[in-house]
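What follows is the content of upload.txt (compact mmCIF, C-alpha atoms).
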# COMPACT_ATOMS: atom_id res chain seq x y z
CA MET A 1 153.87 71.91 154.29
CA GLU A 2 151.35 69.59 152.64
CA ILE A 3 148.56 68.72 155.05
CA GLU A 4 145.85 66.40 153.82
CA ASN A 5 142.31 67.40 154.70
CA ASP A 6 138.90 65.76 154.54
CA VAL A 7 137.91 67.17 151.14
CA GLY A 8 140.97 65.91 149.25
CA LEU A 9 142.71 69.28 149.02
CA GLN A 10 146.09 70.11 150.53
CA SER A 11 147.83 73.14 151.99
CA PRO A 12 150.85 73.54 149.69
CA ASP A 13 153.51 76.21 149.99
CA LEU A 14 153.11 78.96 147.43
CA VAL A 15 156.37 78.22 145.62
CA THR A 16 155.38 74.61 144.92
CA LEU A 17 151.94 75.76 143.76
CA CYS A 18 153.44 78.48 141.58
CA GLY A 19 155.77 75.94 139.95
CA ILE A 20 152.93 73.88 138.51
CA LEU A 21 153.53 75.29 135.00
CA LYS A 22 157.23 74.24 135.17
CA VAL A 23 158.52 76.31 132.24
CA CYS A 24 157.36 79.66 133.62
CA GLU A 25 156.76 81.18 137.03
CA LEU A 26 153.20 81.71 138.18
CA GLU A 27 152.87 84.47 140.77
CA LEU A 28 149.96 84.32 143.22
CA VAL A 29 148.51 86.90 145.61
CA LEU A 30 145.84 85.58 147.97
CA LEU A 31 142.65 87.64 148.17
CA GLY A 32 141.02 85.97 151.18
CA LYS A 33 141.98 85.61 154.82
CA GLN A 34 142.47 81.85 154.79
CA GLY A 35 145.57 80.02 153.63
CA PRO A 36 145.76 78.29 150.25
CA ARG A 37 144.29 74.81 149.94
CA ALA A 38 144.54 73.17 146.58
CA HIS A 39 145.19 70.02 144.62
CA ALA A 40 147.44 70.56 141.63
CA ASP A 41 149.66 68.24 139.61
CA SER A 42 151.53 68.31 136.31
CA ILE A 43 153.33 65.81 134.12
CA ALA A 44 155.82 66.50 131.36
CA SER A 45 156.91 64.81 128.16
CA GLU A 46 159.26 65.86 125.39
CA ARG A 47 156.29 67.33 123.54
CA ALA A 48 154.16 69.04 126.19
CA ILE A 49 153.45 69.77 129.85
CA TYR A 50 150.00 68.81 131.14
CA PHE A 51 148.60 70.26 134.37
CA THR A 52 145.36 70.37 136.30
CA GLY A 53 144.33 71.97 139.55
CA GLU A 54 141.52 72.85 141.92
CA VAL A 55 141.64 75.62 144.52
CA ASN A 56 139.41 76.63 147.39
CA PHE A 57 140.79 80.15 147.66
CA ALA A 58 140.52 83.27 145.53
CA PHE A 59 143.76 84.65 144.14
CA ARG A 60 145.26 87.15 141.73
CA GLY A 61 147.65 85.48 139.29
CA ARG A 62 150.32 86.62 136.85
CA PHE A 63 152.62 84.73 134.51
CA ALA A 64 154.56 85.25 131.29
CA LEU A 65 155.10 82.40 128.86
CA PRO A 66 158.67 82.01 127.59
CA GLN A 67 159.27 82.61 123.91
CA GLY A 68 158.30 79.65 121.82
CA TRP A 69 155.64 78.28 124.18
CA CYS A 70 151.85 78.36 123.99
CA LEU A 71 149.23 77.49 126.60
CA PHE A 72 145.71 76.20 125.96
CA GLY A 73 143.14 74.70 128.27
CA PHE A 74 139.70 74.62 129.81
CA LEU A 75 137.93 76.02 132.88
CA HIS A 76 135.84 73.17 134.27
CA HIS A 77 134.39 75.46 136.91
CA THR A 78 134.96 78.95 138.25
CA SER A 79 133.03 81.62 140.12
CA GLU A 80 131.48 84.77 138.67
CA ASP A 81 134.18 87.00 140.15
CA SER A 82 136.90 85.41 137.98
CA TRP A 83 138.39 87.35 135.08
CA CYS A 84 141.32 87.62 132.70
CA HIS A 85 142.60 91.10 131.75
CA GLY A 86 139.29 92.43 133.05
CA THR A 87 137.15 90.13 130.89
CA SER A 88 134.82 87.93 132.93
CA LEU A 89 135.55 84.20 133.01
CA GLY A 90 132.93 81.50 133.42
CA SER A 91 132.59 77.75 133.76
CA GLY A 92 132.90 75.92 130.46
CA MET A 93 135.29 78.40 128.84
CA ALA A 94 138.35 77.39 126.83
CA PHE A 95 141.40 79.60 126.42
CA THR A 96 144.55 79.99 124.34
CA VAL A 97 147.55 82.03 125.53
CA PHE A 98 150.41 83.01 123.23
CA PRO A 99 153.77 84.33 124.49
CA GLU A 100 152.91 88.01 124.36
CA GLY A 101 153.56 89.90 127.61
CA ILE A 102 152.21 89.12 131.07
CA SER A 103 148.89 87.31 131.51
CA GLU A 104 146.90 88.67 134.46
CA PHE A 105 143.82 87.03 135.94
CA VAL A 106 141.74 86.30 139.03
CA LEU A 107 140.32 82.88 139.86
CA GLY A 108 137.66 82.55 142.53
CA SER A 109 137.37 79.89 145.19
CA GLY A 110 136.30 76.50 143.84
CA SER A 111 137.92 76.97 140.43
CA ARG A 112 139.03 73.86 138.51
CA ILE A 113 141.27 74.17 135.48
CA THR A 114 143.18 71.89 133.09
CA GLY A 115 145.78 73.10 130.63
CA VAL A 116 148.55 72.08 128.26
CA LEU A 117 151.82 73.88 127.52
CA VAL A 118 153.16 73.13 124.04
CA PRO A 119 155.77 74.61 121.69
CA GLN A 120 154.15 77.46 119.80
CA GLN A 121 155.30 76.12 116.45
CA ARG A 122 153.27 72.97 117.06
CA VAL A 123 150.13 75.10 117.42
CA VAL A 124 150.96 77.08 114.28
CA ASP A 125 151.62 73.93 112.25
CA LYS A 126 148.36 72.34 113.36
CA TYR A 127 146.46 75.55 112.57
CA LEU A 128 147.94 75.61 109.04
CA GLU A 129 146.81 72.03 108.55
CA LEU A 130 143.26 73.07 109.39
CA SER A 131 143.31 76.47 107.62
CA PRO A 132 145.94 76.31 104.86
CA HIS A 133 144.58 79.40 103.11
CA GLN A 134 144.74 81.63 106.22
CA PRO A 135 148.41 81.80 107.23
CA ASP A 136 147.96 84.23 110.13
CA VAL A 137 146.82 82.63 113.38
CA PRO A 138 143.81 84.59 114.75
CA VAL A 139 145.33 85.03 118.21
CA ARG A 140 142.67 87.36 119.60
CA ALA A 141 139.73 85.26 118.40
CA MET A 142 141.23 82.14 119.96
CA SER A 143 142.11 83.70 123.31
CA LEU A 144 138.85 83.00 125.15
CA PHE A 145 135.62 81.31 124.10
CA THR A 146 132.72 79.43 125.66
CA LEU A 147 132.16 75.88 124.51
CA SER A 148 128.69 75.27 123.16
CA ASP A 149 126.93 71.91 123.30
CA ASP A 150 127.68 70.76 119.76
CA GLU A 151 129.69 67.74 118.68
CA ARG A 152 132.98 69.63 118.43
CA ALA A 153 132.66 71.02 121.94
CA ARG A 154 131.77 67.62 123.38
CA ALA A 155 134.81 66.08 121.68
CA LEU A 156 137.11 68.69 123.25
CA ARG A 157 135.55 68.26 126.70
CA ALA A 158 136.04 64.51 126.54
CA LYS A 159 139.72 64.88 125.66
CA ILE A 160 140.31 67.51 128.35
CA ASP A 161 138.59 65.32 130.96
CA ALA A 162 140.85 62.43 129.92
CA VAL A 163 143.92 64.64 130.45
CA ARG A 164 142.69 65.72 133.88
CA ASP A 165 142.06 62.11 134.91
CA ARG A 166 145.50 61.04 133.65
CA VAL A 167 147.32 63.78 135.55
CA LEU A 168 145.39 63.26 138.80
CA GLN A 169 145.59 59.48 138.79
CA ALA A 170 149.19 58.97 137.79
CA PRO A 171 151.30 62.15 137.97
CA ASN A 172 154.49 60.20 138.80
CA GLU A 173 154.31 57.45 136.17
CA GLY A 174 156.64 59.11 133.70
CA ALA A 175 155.96 60.62 130.31
CA PRO A 176 152.26 60.52 129.33
CA HIS A 177 152.58 58.58 126.07
CA ASP A 178 148.93 57.56 126.35
CA ILE A 179 147.71 61.14 125.77
CA ASP A 180 146.80 61.96 122.16
CA LEU A 181 148.35 65.43 121.98
CA ASP A 182 147.70 65.89 118.25
CA GLY A 183 144.04 64.95 118.65
CA LEU A 184 143.68 67.21 121.68
CA LEU A 185 145.27 70.20 119.97
CA GLU A 186 143.21 69.64 116.83
CA SER A 187 139.96 69.48 118.82
CA HIS A 188 140.89 72.68 120.66
CA LEU A 189 141.64 74.59 117.46
CA ILE A 190 138.50 73.35 115.73
CA ALA A 191 136.38 74.44 118.70
CA ALA A 192 138.13 77.83 118.78
CA LEU A 193 137.76 78.48 115.07
CA SER A 194 134.10 77.45 115.04
CA ALA A 195 133.08 79.51 118.08
CA ARG A 196 130.36 82.07 117.40
CA ALA A 197 130.67 85.76 118.15
CA GLU A 198 128.33 85.41 121.13
CA ASP A 199 130.65 82.69 122.52
CA ARG A 200 133.54 85.14 122.79
CA PRO A 201 133.24 87.33 125.93
CA ALA A 202 133.97 91.03 125.69
CA CYS A 203 135.22 93.50 128.25
CA SER A 204 133.03 96.57 128.74
CA ARG A 205 134.55 100.03 128.68
CA GLY A 206 133.86 100.51 132.39
CA ARG A 207 135.44 97.18 133.31
CA ARG A 208 138.44 97.97 131.15
CA THR A 209 138.86 101.31 132.93
CA HIS A 210 138.80 99.54 136.31
CA TYR A 211 141.32 96.98 135.12
CA LEU A 212 143.79 99.60 133.90
CA ALA A 213 143.48 101.56 137.17
CA VAL A 214 144.14 98.45 139.25
CA GLN A 215 147.01 97.44 136.98
CA ARG A 216 148.75 100.82 137.30
CA ALA A 217 148.25 100.92 141.07
CA GLU A 218 149.58 97.39 141.47
CA GLU A 219 152.67 98.10 139.42
CA PHE A 220 153.38 101.09 141.68
CA MET A 221 153.01 98.81 144.72
CA ARG A 222 155.48 96.29 143.30
CA ARG A 223 158.08 98.94 142.46
CA ASN A 224 157.87 100.47 145.95
CA LEU A 225 157.19 97.44 148.12
CA ARG A 226 160.08 98.17 150.52
CA ARG A 227 158.70 101.50 151.71
CA ASP A 228 155.49 102.94 153.08
CA ILE A 229 152.91 103.49 150.34
CA TYR A 230 150.06 105.97 150.71
CA ILE A 231 146.66 105.94 149.05
CA THR A 232 147.31 109.33 147.43
CA GLU A 233 150.36 107.87 145.69
CA LEU A 234 148.32 104.97 144.38
CA CYS A 235 145.67 107.37 143.07
CA ASN A 236 148.30 109.44 141.30
CA ALA A 237 149.88 106.32 139.78
CA ALA A 238 146.48 105.04 138.61
CA GLY A 239 145.33 108.46 137.39
CA VAL A 240 141.99 108.28 139.22
CA SER A 241 140.37 109.64 142.37
CA GLU A 242 140.47 107.73 145.66
CA ARG A 243 136.80 106.86 145.33
CA ALA A 244 137.31 105.53 141.80
CA LEU A 245 140.36 103.51 142.85
CA ARG A 246 138.54 101.90 145.77
CA TYR A 247 135.60 101.07 143.52
CA ALA A 248 137.92 99.52 140.90
CA PHE A 249 139.68 97.33 143.48
CA ASP A 250 136.38 96.23 144.97
CA ASP A 251 134.95 95.43 141.54
CA LEU A 252 137.92 93.39 140.31
CA LEU A 253 139.53 92.02 143.47
CA GLY A 254 136.88 92.25 146.15
CA VAL A 255 139.27 94.00 148.55
CA SER A 256 140.45 97.55 149.26
CA PRO A 257 143.77 98.85 147.88
CA ASN A 258 145.33 98.73 151.36
CA ARG A 259 144.14 95.16 151.92
CA TYR A 260 145.57 94.08 148.58
CA LEU A 261 148.89 95.78 149.37
CA SER A 262 149.01 93.89 152.68
CA MET A 263 148.42 90.53 150.97
CA LEU A 264 150.92 91.34 148.21
CA ARG A 265 153.57 91.97 150.85
CA LEU A 266 152.65 88.86 152.80
CA CYS A 267 152.71 86.55 149.76
CA THR A 268 155.99 88.05 148.54
CA ALA A 269 157.49 87.45 151.99
CA CYS A 270 156.22 83.86 151.94
CA LYS A 271 157.82 83.23 148.56
CA ASN A 272 161.13 84.79 149.63
CA LEU A 273 161.21 82.86 152.89
CA THR A 274 160.56 79.60 151.06
CA LEU A 275 163.40 80.19 148.60
CA SER A 276 165.93 81.77 150.99
CA ASP A 277 168.93 80.07 152.57
CA ALA A 278 168.46 80.23 156.35
CA SER A 279 172.23 80.62 156.79
CA ARG A 280 172.26 83.77 154.65
CA ARG A 281 168.96 85.52 155.37
CA SER A 282 166.81 86.13 158.42
CA VAL A 283 163.06 86.52 158.86
CA LYS A 284 163.67 90.16 159.73
CA SER A 285 165.60 90.92 156.53
CA VAL A 286 162.92 89.25 154.38
CA ALA A 287 160.10 91.08 156.16
CA LEU A 288 161.81 94.47 155.88
CA SER A 289 162.50 93.93 152.17
CA CYS A 290 158.73 93.61 151.71
CA GLY A 291 157.89 96.75 153.71
CA LEU A 292 156.70 94.77 156.76
CA TRP A 293 158.11 96.87 159.60
CA ASP A 294 156.08 95.52 162.55
CA LEU A 295 157.66 92.07 162.94
CA SER A 296 155.30 90.90 165.67
CA ARG A 297 152.23 91.82 163.67
CA PHE A 298 153.77 90.26 160.57
CA ALA A 299 154.40 86.96 162.40
CA ASP A 300 150.81 86.83 163.70
CA HIS A 301 149.29 87.61 160.31
CA TYR A 302 151.60 85.12 158.59
CA ARG A 303 150.68 82.32 160.99
CA ARG A 304 146.94 82.96 160.57
CA VAL A 305 147.18 82.77 156.77
CA PHE A 306 149.84 80.09 156.21
CA GLY A 307 149.44 78.01 159.36
CA GLU A 308 153.05 78.27 160.53
CA ARG A 309 155.58 80.80 161.78
CA PRO A 310 157.74 82.69 159.27
CA ARG A 311 160.83 81.04 160.77
CA ASP A 312 159.36 77.58 160.13
CA THR A 313 159.05 78.45 156.44
CA LEU A 314 162.60 79.83 156.32
CA MET A 315 164.14 76.77 157.99
CA ARG A 316 162.47 74.32 155.65
CA ALA A 317 164.51 73.34 152.59
CA PRO A 318 163.32 74.96 149.33
CA PRO A 319 160.95 72.80 147.25
CA PHE A 320 162.77 70.46 144.86
CA GLU A 321 161.13 71.92 141.75
CA ALA A 322 162.07 75.46 142.70
CA ALA A 323 165.63 74.47 143.51
Let me see the structure of the file written as structure tokens.
Amino acid sequence: MEIENDVGLQSPDLVTLCGILKVCELELVLLGKQGPRAHADSIASERAIYFTGEVNFAFRGRFALPQGWCLFGFLHHTSEDSWCHGTSLGSGMAFTVFPEGISEFVLGSGSRITGVLVPQQRVVDKYLELSPHQPDVPVRAMSLFTLSDDERARALRAKIDAVRDRVLQAPNEGAPHDIDLDGLLESHLIAALSARAEDRPACSRGRRTHYLAVQRAEEFMRRNLRRDIYITELCNAAGVSERALRYAFDDLLGVSPNRYLSMLRLCTACKNLTLSDASRRSVKSVALSCGLWDLSRFADHYRRVFGERPRDTLMRAPPFEAA
């Protein structure tokens, strides 16, 4: 299901889009009413995985890096409603993610991102080269920072742009030996270590409270996806009033709790249909496993969002990368 359109984006299935990181699963929940349109590619070598992407839809994302891997990259552009763990994201920000738990974020429509997955030890070794007298990597300080307009920031931007161009222009030409990984990693670490305090965004207490409420409510949704879920249960799980929960969801996701639950079920069904064997599972069994009891309504909603019937998704062979 990859339909070219007049702005250069495509309509990929969610499983293919979620597999862009290759070594870990990215989970997406759409936040808008339209289906996903994106352009995303990645290339791998023995030393790293390089990826870049652009999306025209807002989504809630989650992923967990496997032990021994580290992710760093750059947000070329994003909207003001984007965030990571409740902290606002903005265009021109760089990031570093270490393998510690689940990373949770929202990217708004029009976001463009480029990143590199590398063995964590490579990052540690390069850091020790640059700061031999400070053996502990400052993970928190490196997690998110805005690039200024100095020479170090410009050097990093130039290298990131070169990676993006390489991935977009020749994703199928084999291992990217022409990318200077050591120089790229060094530029990233230098920019991170030289960032000023005002370049590192902070999460306000109120935003943090909203994030934790949404997080607890969402975890309850995921644990109980097969059955009916009521707003009072979500409030109890989040530990807040209904008014506070609705305000938190609107602030962080731009949708109501019930709307988010509906899209979580729909995207989970899409993923399961894409990966299921049509000879072993039916559309009905997948829908019911996601708490979608009205099959006619489910089929209509699914077709409006993903542009095809649930059965069409089930009958199509699973994407090669996922298989």
List the neighbours of segment 185-197 of chain A out to 12 Å using only C-alpha atoms; skip same-chain residues closer than 4 positions along the sequence, and give me the result as a compact mmCIF listing (two decimals) with C-alpha atoms, in the frame of the given file.
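Written out: selection_14.txt:
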# COMPACT_ATOMS: atom_id res chain seq x y z
CA ARG A 47 156.29 67.33 123.54
CA ALA A 48 154.16 69.04 126.19
CA CYS A 70 151.85 78.36 123.99
CA LEU A 71 149.23 77.49 126.60
CA PHE A 72 145.71 76.20 125.96
CA GLY A 73 143.14 74.70 128.27
CA PHE A 74 139.70 74.62 129.81
CA MET A 93 135.29 78.40 128.84
CA ALA A 94 138.35 77.39 126.83
CA PHE A 95 141.40 79.60 126.42
CA THR A 96 144.55 79.99 124.34
CA GLY A 115 145.78 73.10 130.63
CA VAL A 116 148.55 72.08 128.26
CA LEU A 117 151.82 73.88 127.52
CA VAL A 118 153.16 73.13 124.04
CA PRO A 119 155.77 74.61 121.69
CA GLN A 120 154.15 77.46 119.80
CA ARG A 122 153.27 72.97 117.06
CA VAL A 123 150.13 75.10 117.42
CA VAL A 124 150.96 77.08 114.28
CA ASP A 125 151.62 73.93 112.25
CA LYS A 126 148.36 72.34 113.36
CA TYR A 127 146.46 75.55 112.57
CA LEU A 128 147.94 75.61 109.04
CA GLU A 129 146.81 72.03 108.55
CA LEU A 130 143.26 73.07 109.39
CA SER A 131 143.31 76.47 107.62
CA GLN A 134 144.74 81.63 106.22
CA VAL A 137 146.82 82.63 113.38
CA PRO A 138 143.81 84.59 114.75
CA VAL A 139 145.33 85.03 118.21
CA ARG A 140 142.67 87.36 119.60
CA ALA A 141 139.73 85.26 118.40
CA MET A 142 141.23 82.14 119.96
CA SER A 143 142.11 83.70 123.31
CA LEU A 144 138.85 83.00 125.15
CA PHE A 145 135.62 81.31 124.10
CA THR A 146 132.72 79.43 125.66
CA LEU A 147 132.16 75.88 124.51
CA SER A 148 128.69 75.27 123.16
CA ASP A 149 126.93 71.91 123.30
CA ASP A 150 127.68 70.76 119.76
CA GLU A 151 129.69 67.74 118.68
CA ARG A 152 132.98 69.63 118.43
CA ALA A 153 132.66 71.02 121.94
CA ARG A 154 131.77 67.62 123.38
CA ALA A 155 134.81 66.08 121.68
CA LEU A 156 137.11 68.69 123.25
CA ARG A 157 135.55 68.26 126.70
CA ALA A 158 136.04 64.51 126.54
CA LYS A 159 139.72 64.88 125.66
CA ILE A 160 140.31 67.51 128.35
CA VAL A 163 143.92 64.64 130.45
CA ILE A 179 147.71 61.14 125.77
CA ASP A 180 146.80 61.96 122.16
CA LEU A 181 148.35 65.43 121.98
CA PRO A 201 133.24 87.33 125.93
CA ALA A 202 133.97 91.03 125.69
Practice prompt. Rank nothing, just name the residue among A:Ala213, A:Leu288, A:Arg207, A:Val255 nearest to Leu225 of chain A, using all atoms listed in the file.
Written response: A:Leu288
Item to complete: Please indicate the distance in Å from atom CA of Ser111 of chain A to atom CA of Ser79 of chain A, rounded to one decimal place.
Response: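 Taking atom CA of Ser111 of chain A and atom CA of Ser79 of chain A, their separation equals 6.8 Å.
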Worksheet item: Counting all atoms listed in the file, which of A:Arg164, A:His210, A:Lys22, A:Arg265 gets nearest to His85 of chain A?
Response: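 Residue with the minimum atom-to-atom distance to His85 of chain A: A:His210.
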Discussion item. Excluding Cys235 of chain A and its own-chain neighbours fewer than 6 positions away, which residues fall within 7 Å of it when counting only C-alpha atoms? Please give them as a PyMOL selection string.
Written reply: chain A and resi 241-242+245
Discussion item. Please determine, counting all atoms listed in the file, which residue among A:Gly108, A:Val15, A:Asp250, A:Tyr50 has the shortest atom-to-atom distance to Asn272 of chain A.
Written reply: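 Of all the options, A:Val15 lies closest to Asn272 of chain A.
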Discussion item. Quick check, in Å to one decimal: how far apart do atom CA of Val106 of chain A and atom CA of Asp81 of chain A lie?
Written reply: 7.7 Å
Discussion item. Residues proximal to (142.0, 97.5, 144.1) were defined as those with any atom within 10 Å of that point in the file's coordinates, counting all atoms listed in the file. Which are they, as an NGL selection string?
Written reply: :A and (210-211 or 213-215 or 217-218 or 234 or 244-261)
Write a file of the just-selected residues containing C-alpha atoms, as a PDB file, in the frame of the given file.
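So the final result, stored in out.pdb, reads:
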ATOM      1  CA  HIS A 210     138.800  99.540 136.310  1.00  0.00           C
ATOM      2  CA  TYR A 211     141.320  96.980 135.120  1.00  0.00           C
ATOM      3  CA  ALA A 213     143.480 101.560 137.170  1.00  0.00           C
ATOM      4  CA  VAL A 214     144.140  98.450 139.250  1.00  0.00           C
ATOM      5  CA  GLN A 215     147.010  97.440 136.980  1.00  0.00           C
ATOM      6  CA  ALA A 217     148.250 100.920 141.070  1.00  0.00           C
ATOM      7  CA  GLU A 218     149.580  97.390 141.470  1.00  0.00           C
ATOM      8  CA  LEU A 234     148.320 104.970 144.380  1.00  0.00           C
ATOM      9  CA  ALA A 244     137.310 105.530 141.800  1.00  0.00           C
ATOM     10  CA  LEU A 245     140.360 103.510 142.850  1.00  0.00           C
ATOM     11  CA  ARG A 246     138.540 101.900 145.770  1.00  0.00           C
ATOM     12  CA  TYR A 247     135.600 101.070 143.520  1.00  0.00           C
ATOM     13  CA  ALA A 248     137.920  99.520 140.900  1.00  0.00           C
ATOM     14  CA  PHE A 249     139.680  97.330 143.480  1.00  0.00           C
ATOM     15  CA  ASP A 250     136.380  96.230 144.970  1.00  0.00           C
ATOM     16  CA  ASP A 251     134.950  95.430 141.540  1.00  0.00           C
ATOM     17  CA  LEU A 252     137.920  93.390 140.310  1.00  0.00           C
ATOM     18  CA  LEU A 253     139.530  92.020 143.470  1.00  0.00           C
ATOM     19  CA  GLY A 254     136.880  92.250 146.150  1.00  0.00           C
ATOM     20  CA  VAL A 255     139.270  94.000 148.550  1.00  0.00           C
ATOM     21  CA  SER A 256     140.450  97.550 149.260  1.00  0.00           C
ATOM     22  CA  PRO A 257     143.770  98.850 147.880  1.00  0.00           C
ATOM     23  CA  ASN A 258     145.330  98.730 151.360  1.00  0.00           C
ATOM     24  CA  ARG A 259     144.140  95.160 151.920  1.00  0.00           C
ATOM     25  CA  TYR A 260     145.570  94.080 148.580  1.00  0.00           C
ATOM     26  CA  LEU A 261     148.890  95.780 149.370  1.00  0.00           C
TER      27      LEU A 261
END
Discussion item. Residues near Phe306 of chain A, anyone? I mean within 12 Å using all atoms listed in the file, not counting same-chain ones fewer than 4 positions away, as a PyMOL selection string.
Written reply: chain A and resi 1-3+11-14+30+32-37+263+266-267+269-271+274+298-302+310-313
Practice prompt. Select, counting all atoms listed in the file, all protein, DNA and RNA residues no farther than 10 Å from (145.5, 61.7, 139.9) in file coordinates, and express the selection as number ranges by chain.
Written response: A: 39-42, 52, 164-172
Practice prompt. Find the distance between atom CA of Ala38 of chain A and atom CA of Arg112 of chain A and write it in Å to one decimal.
Written response: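 Answer for the atom CA of Ala38 of chain A to atom CA of Arg112 of chain A separation: 9.8 Å.
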With 3 Å of padding per side, what axis-aligned box (centre and edge lengths, Å, one decimal) covers all the listed atoms of segment 6-25 of chain A? Give it as AutoDock Vina command-line options.
--center_x 148.2 --center_y 73.5 --center_z 143.4 --size_x 26.6 --size_y 21.4 --size_z 28.3
